[in-house]
Amino acid sequence: MTLQRRVFLRKLTAATAAASSSSSSSPPSTLCCRTHVFRFSQSAAVNMAEEAKKLAAYSAVDNNVQNNQVVGVGSGSTIVYAVDRLAERVRQEKLNIVCVPTSFQARQLILQHGLALSDLERHPELDVAIDGADEVDAELTLIKGGGGCLTQEKIVAGNSKCFVVIADYRKDSRALGEQWRKGVPIEVIPMAYVPISRVIAKRFGGEVNLRMAVSKAGPVVTDNSNFILDWKFEHIQNWSEVNTAIKMIPGVVETGLFVNMAERAYFGMEDGSVKVRKAPIN
């Protein structure tokens with residue numbers, strides 16, 4: 001661990017301890033200090049998570065990307081670091097790399113970094129795809145789609161010889177639902193969202209909600225002009241069977257359950273290390 005990392009962790013530990021030891025009956029000056037410490041603690045935690053994302057992304061790119069490959073580029077906040085590292089290696093090592101995006105965001109990242117852009121029409125088989133996840137369980141079953149790009153992400157991953165996941169320590173779970181509380185995203189044809197919601201809730205329990213947009217009135221609309229339902233399940237399921245059953249409902253385009261797809265996952269950890277988990281051998 002680097003000296004800078006050790007200092008950062010000591011500051012975070014001290015700030016957290018100071019915030020928790022302050023009482024609600026403290027005088028105004030102490031309360032002001034406690035608020036400042038709490039904000040520092042929050043900021044430090046965010047910085048730690050971002051550093052963990054970067055560590056995972058860099059490790060995945062360094063260990064899985066080689067010259068003359070076609071690379072699937074995922075979507076989300078962690079993939080930004082992967083594209084940074086990929087572009088850096090292309091420049092430094094003069095690599096011949098072609099990139100296939102999973103979303104509008106991924107396409108823009110590829111172009112902004114001056115990388116070669118392609119698609120599945122020209123490159124229907126990819127050597128490796130690198131993408132993030134909202135949650136990863138012990139068997140490398142994933143929940144994806146928090147950013148709304150699940151369908152294209154699954155298509156690209158499914159057409160790759162090797163699918164690699166990158167995430168920070170907050171996404172690492174023993175079972176789905178342990179960390180991620182927003183449910184399983186399901187992309188649906190707009191006219192069918194109400195009957196699909198009813199069928200899922202009746203058959204599998206839990207709560208199904210239409211995802212609403214933040215900066216516009218109405219629902220989130222995907223890159224494919226569809227809606228997204230978020231299914232908040234109540235208990236652990238047989239995810240392979242559930243995934244297949246939901247996809248058979250008329251109007252469902254794709255689910256955010258990625259079952260038996262990922263080959264390995266890279267987790268950036270709080271202590272500055274990277275944990276690698278491989279898929280179980282069936």
# chains A, B, ... in the order shown; residues from 1 in each chain; ligands from 1
>>> select_by_dssp(residues="stretch 19-173 of chain A", states="strand (DSSP E or B)", output="list in words")
Gln69, Val70, Val71, Gly72, Val73, Ile97, Val98, Cys99, Val100, Pro101, Ala116, Leu117, Leu126, Val128, Ala129, Ile130, Asp131, Glu135, Val136, Leu142, Ile143, Ser160, Phe163, Val164, Val165, Ile166, Ala167, Asp168 and Asp172 of chain A
>>> select_by_dssp(residues="stretch 76-218 of chain A", states="helix (DSSP H, G or I)", output="ChimeraX atom specification")
/A:77-93,104-112,150-158,169-171,190-204
>>> closest_residue(among="A:Asn238, A:Ser118, A:Ser77, A:Gln112", to="A:Cys99", atoms="only C-alpha atoms")
A:Ser118
>>> atom_distance(atom1="atom CA of A:Asn159", atom2="atom CA of A:Tyr58")
22.7 Å
>>> closest_residue(among="A:Ala201, A:Ile281, A:Val276, A:Leu150", to="A:Ile228", atoms="only C-alpha atoms")
A:Leu150
>>> closest_residue(among="A:Asn96, A:Gln105, A:Asn63, A:Asn260", to="A:Val136", atoms="only C-alpha atoms")
A:Asn260
>>> closest_residue(among="A:Leu86, A:Leu210, A:Val220, A:Val253", to="A:Ile189", atoms="only C-alpha atoms")
A:Val253
>>> residues_around(residues="A:Arg277", least_positions_apart="2", cutoff="8 Å", atoms="only C-alpha atoms", output="number ranges by chain")
A: 140, 264-266, 275, 279
>>> write_last_selection(atoms="N, CA, C and O atoms", output="CSV table (one decimal), in the first residue's frame")
chain,number,residue,atom,x,y,z
A,140,LEU,N,-20.8,-15.2,-9.3
A,140,LEU,CA,-20.7,-14.2,-10.4
A,140,LEU,C,-22.0,-14.0,-11.2
A,140,LEU,O,-21.9,-13.7,-12.4
A,264,ARG,N,-14.7,-13.7,-14.9
A,264,ARG,CA,-14.1,-13.2,-13.7
A,264,ARG,C,-14.5,-11.8,-13.3
A,264,ARG,O,-14.9,-11.1,-14.2
A,265,ALA,N,-14.3,-11.5,-12.1
A,265,ALA,CA,-14.7,-10.1,-11.6
A,265,ALA,C,-13.5,-9.5,-10.8
A,265,ALA,O,-12.8,-10.3,-10.0
A,266,TYR,N,-13.2,-8.3,-11.0
A,266,TYR,CA,-12.2,-7.5,-10.3
A,266,TYR,C,-12.8,-6.5,-9.4
A,266,TYR,O,-13.6,-5.7,-9.9
A,275,LYS,N,-9.2,-7.6,-5.6
A,275,LYS,CA,-9.7,-9.0,-5.4
A,275,LYS,C,-10.2,-9.5,-6.7
A,275,LYS,O,-11.1,-8.9,-7.3
A,279,ALA,N,-15.4,-17.4,-12.0
A,279,ALA,CA,-16.7,-18.1,-12.0
A,279,ALA,C,-16.4,-19.5,-11.6
A,279,ALA,O,-15.4,-20.1,-11.9
>>> atom_distance(atom1="atom CA of A:Gly146", atom2="atom CA of A:Val188")
14.7 Å
>>> residues_around(residues="A:Val184", least_positions_apart="4", cutoff="7 Å", atoms="only C-alpha atoms", output="ChimeraX atom specification")
/A:143,230-232,256-257
>>> write_last_selection(atoms="N, CA, C and O atoms", output="PDB file, in the first residue's frame")
ATOM      1  N   ILE A 143     -26.385  -8.328 -11.165  1.00  0.00           N
ATOM      2  CA  ILE A 143     -27.475  -7.412 -11.464  1.00  0.00           C
ATOM      3  C   ILE A 143     -26.854  -6.231 -12.176  1.00  0.00           C
ATOM      4  O   ILE A 143     -25.918  -5.610 -11.668  1.00  0.00           O
ATOM      5  N   ASP A 230     -38.241  -1.760 -12.442  1.00  0.00           N
ATOM      6  CA  ASP A 230     -37.323  -2.207 -11.397  1.00  0.00           C
ATOM      7  C   ASP A 230     -38.089  -3.140 -10.463  1.00  0.00           C
ATOM      8  O   ASP A 230     -39.029  -2.714  -9.778  1.00  0.00           O
ATOM      9  N   TRP A 231     -37.689  -4.401 -10.463  1.00  0.00           N
ATOM     10  CA  TRP A 231     -38.354  -5.411  -9.637  1.00  0.00           C
ATOM     11  C   TRP A 231     -37.587  -5.597  -8.331  1.00  0.00           C
ATOM     12  O   TRP A 231     -36.486  -6.102  -8.322  1.00  0.00           O
ATOM     13  N   LYS A 232     -38.189  -5.173  -7.213  1.00  0.00           N
ATOM     14  CA  LYS A 232     -37.597  -5.343  -5.892  1.00  0.00           C
ATOM     15  C   LYS A 232     -38.072  -6.678  -5.325  1.00  0.00           C
ATOM     16  O   LYS A 232     -39.182  -6.777  -4.796  1.00  0.00           O
ATOM     17  N   GLY A 256     -31.984  -7.538 -16.321  1.00  0.00           N
ATOM     18  CA  GLY A 256     -30.671  -7.154 -15.815  1.00  0.00           C
ATOM     19  C   GLY A 256     -29.984  -8.258 -15.045  1.00  0.00           C
ATOM     20  O   GLY A 256     -28.993  -8.008 -14.353  1.00  0.00           O
ATOM     21  N   LEU A 257     -30.490  -9.482 -15.152  1.00  0.00           N
ATOM     22  CA  LEU A 257     -29.837 -10.637 -14.543  1.00  0.00           C
ATOM     23  C   LEU A 257     -28.845 -11.234 -15.535  1.00  0.00           C
ATOM     24  O   LEU A 257     -29.234 -11.668 -16.626  1.00  0.00           O
TER      25      LEU A 257
END
>>> closest_residue(among="A:Ala167, A:Ile249, A:Cys162, A:Ile110", to="A:Glu51", atoms="only C-alpha atoms")
A:Ala167
>>> atom_distance(atom1="atom CA of A:Glu263", atom2="atom CA of A:Gln69")
17.4 Å
>>> closest_residue(among="A:Ile130, A:Val80, A:Leu109, A:Val164", to="A:Lys53", atoms="only C-alpha atoms")
A:Val80
>>> residues_around(residues="A:Arg211", least_positions_apart="3", cutoff="10 Å", atoms="only C-alpha atoms", output="list of chain:residue names")
A:Gly148, A:Pro185, A:Ile186, A:Val208, A:Val214, A:Gly218, A:Pro219, A:Val220, A:Val221, A:Phe227, A:Ile228, A:Leu229, A:Asp230, A:Trp231
>>> write_last_selection(atoms="N, CA, C and O atoms", output="compact mmCIF listing (two decimals), in the first residue's frame")
# COMPACT_ATOMS: atom_id res chain seq x y z
N GLY A 148 -29.47 1.82 -17.12
CA GLY A 148 -30.45 1.69 -18.19
C GLY A 148 -29.95 1.09 -19.48
O GLY A 148 -30.66 1.09 -20.49
N PRO A 185 -33.42 -4.56 -12.86
CA PRO A 185 -33.97 -3.81 -13.99
C PRO A 185 -34.47 -4.75 -15.08
O PRO A 185 -33.84 -5.79 -15.34
N ILE A 186 -35.58 -4.39 -15.69
CA ILE A 186 -36.16 -5.18 -16.77
C ILE A 186 -36.59 -4.22 -17.87
O ILE A 186 -37.41 -3.32 -17.63
N VAL A 208 -42.89 -4.09 -8.19
CA VAL A 208 -42.39 -3.70 -9.52
C VAL A 208 -42.78 -2.26 -9.79
O VAL A 208 -43.97 -1.90 -9.71
N VAL A 214 -35.27 11.67 -13.94
CA VAL A 214 -34.95 12.70 -12.95
C VAL A 214 -35.00 14.08 -13.56
O VAL A 214 -35.58 15.01 -12.99
N GLY A 218 -41.87 12.20 -16.78
CA GLY A 218 -42.19 10.89 -17.31
C GLY A 218 -41.12 9.86 -17.05
O GLY A 218 -40.16 10.09 -16.31
N PRO A 219 -41.26 8.67 -17.66
CA PRO A 219 -40.36 7.56 -17.38
C PRO A 219 -39.01 7.67 -18.09
O PRO A 219 -38.86 8.41 -19.06
N VAL A 220 -38.06 6.90 -17.59
CA VAL A 220 -36.78 6.74 -18.27
C VAL A 220 -37.02 6.03 -19.60
O VAL A 220 -37.78 5.07 -19.67
N VAL A 221 -36.37 6.50 -20.64
CA VAL A 221 -36.45 5.87 -21.96
C VAL A 221 -35.05 5.38 -22.33
O VAL A 221 -34.10 6.16 -22.31
N PHE A 227 -39.06 1.21 -22.02
CA PHE A 227 -39.16 1.57 -20.61
C PHE A 227 -38.36 0.58 -19.77
O PHE A 227 -38.00 -0.51 -20.24
N ILE A 228 -38.12 0.95 -18.51
CA ILE A 228 -37.45 0.06 -17.57
C ILE A 228 -38.32 -0.12 -16.33
O ILE A 228 -38.78 0.86 -15.73
N LEU A 229 -38.53 -1.37 -15.95
CA LEU A 229 -39.17 -1.71 -14.69
C LEU A 229 -38.08 -2.13 -13.71
O LEU A 229 -37.11 -2.78 -14.10
N ASP A 230 -38.24 -1.76 -12.44
CA ASP A 230 -37.32 -2.21 -11.40
C ASP A 230 -38.09 -3.14 -10.46
O ASP A 230 -39.03 -2.71 -9.78
N TRP A 231 -37.69 -4.40 -10.46
CA TRP A 231 -38.35 -5.41 -9.64
C TRP A 231 -37.59 -5.60 -8.33
O TRP A 231 -36.49 -6.10 -8.32
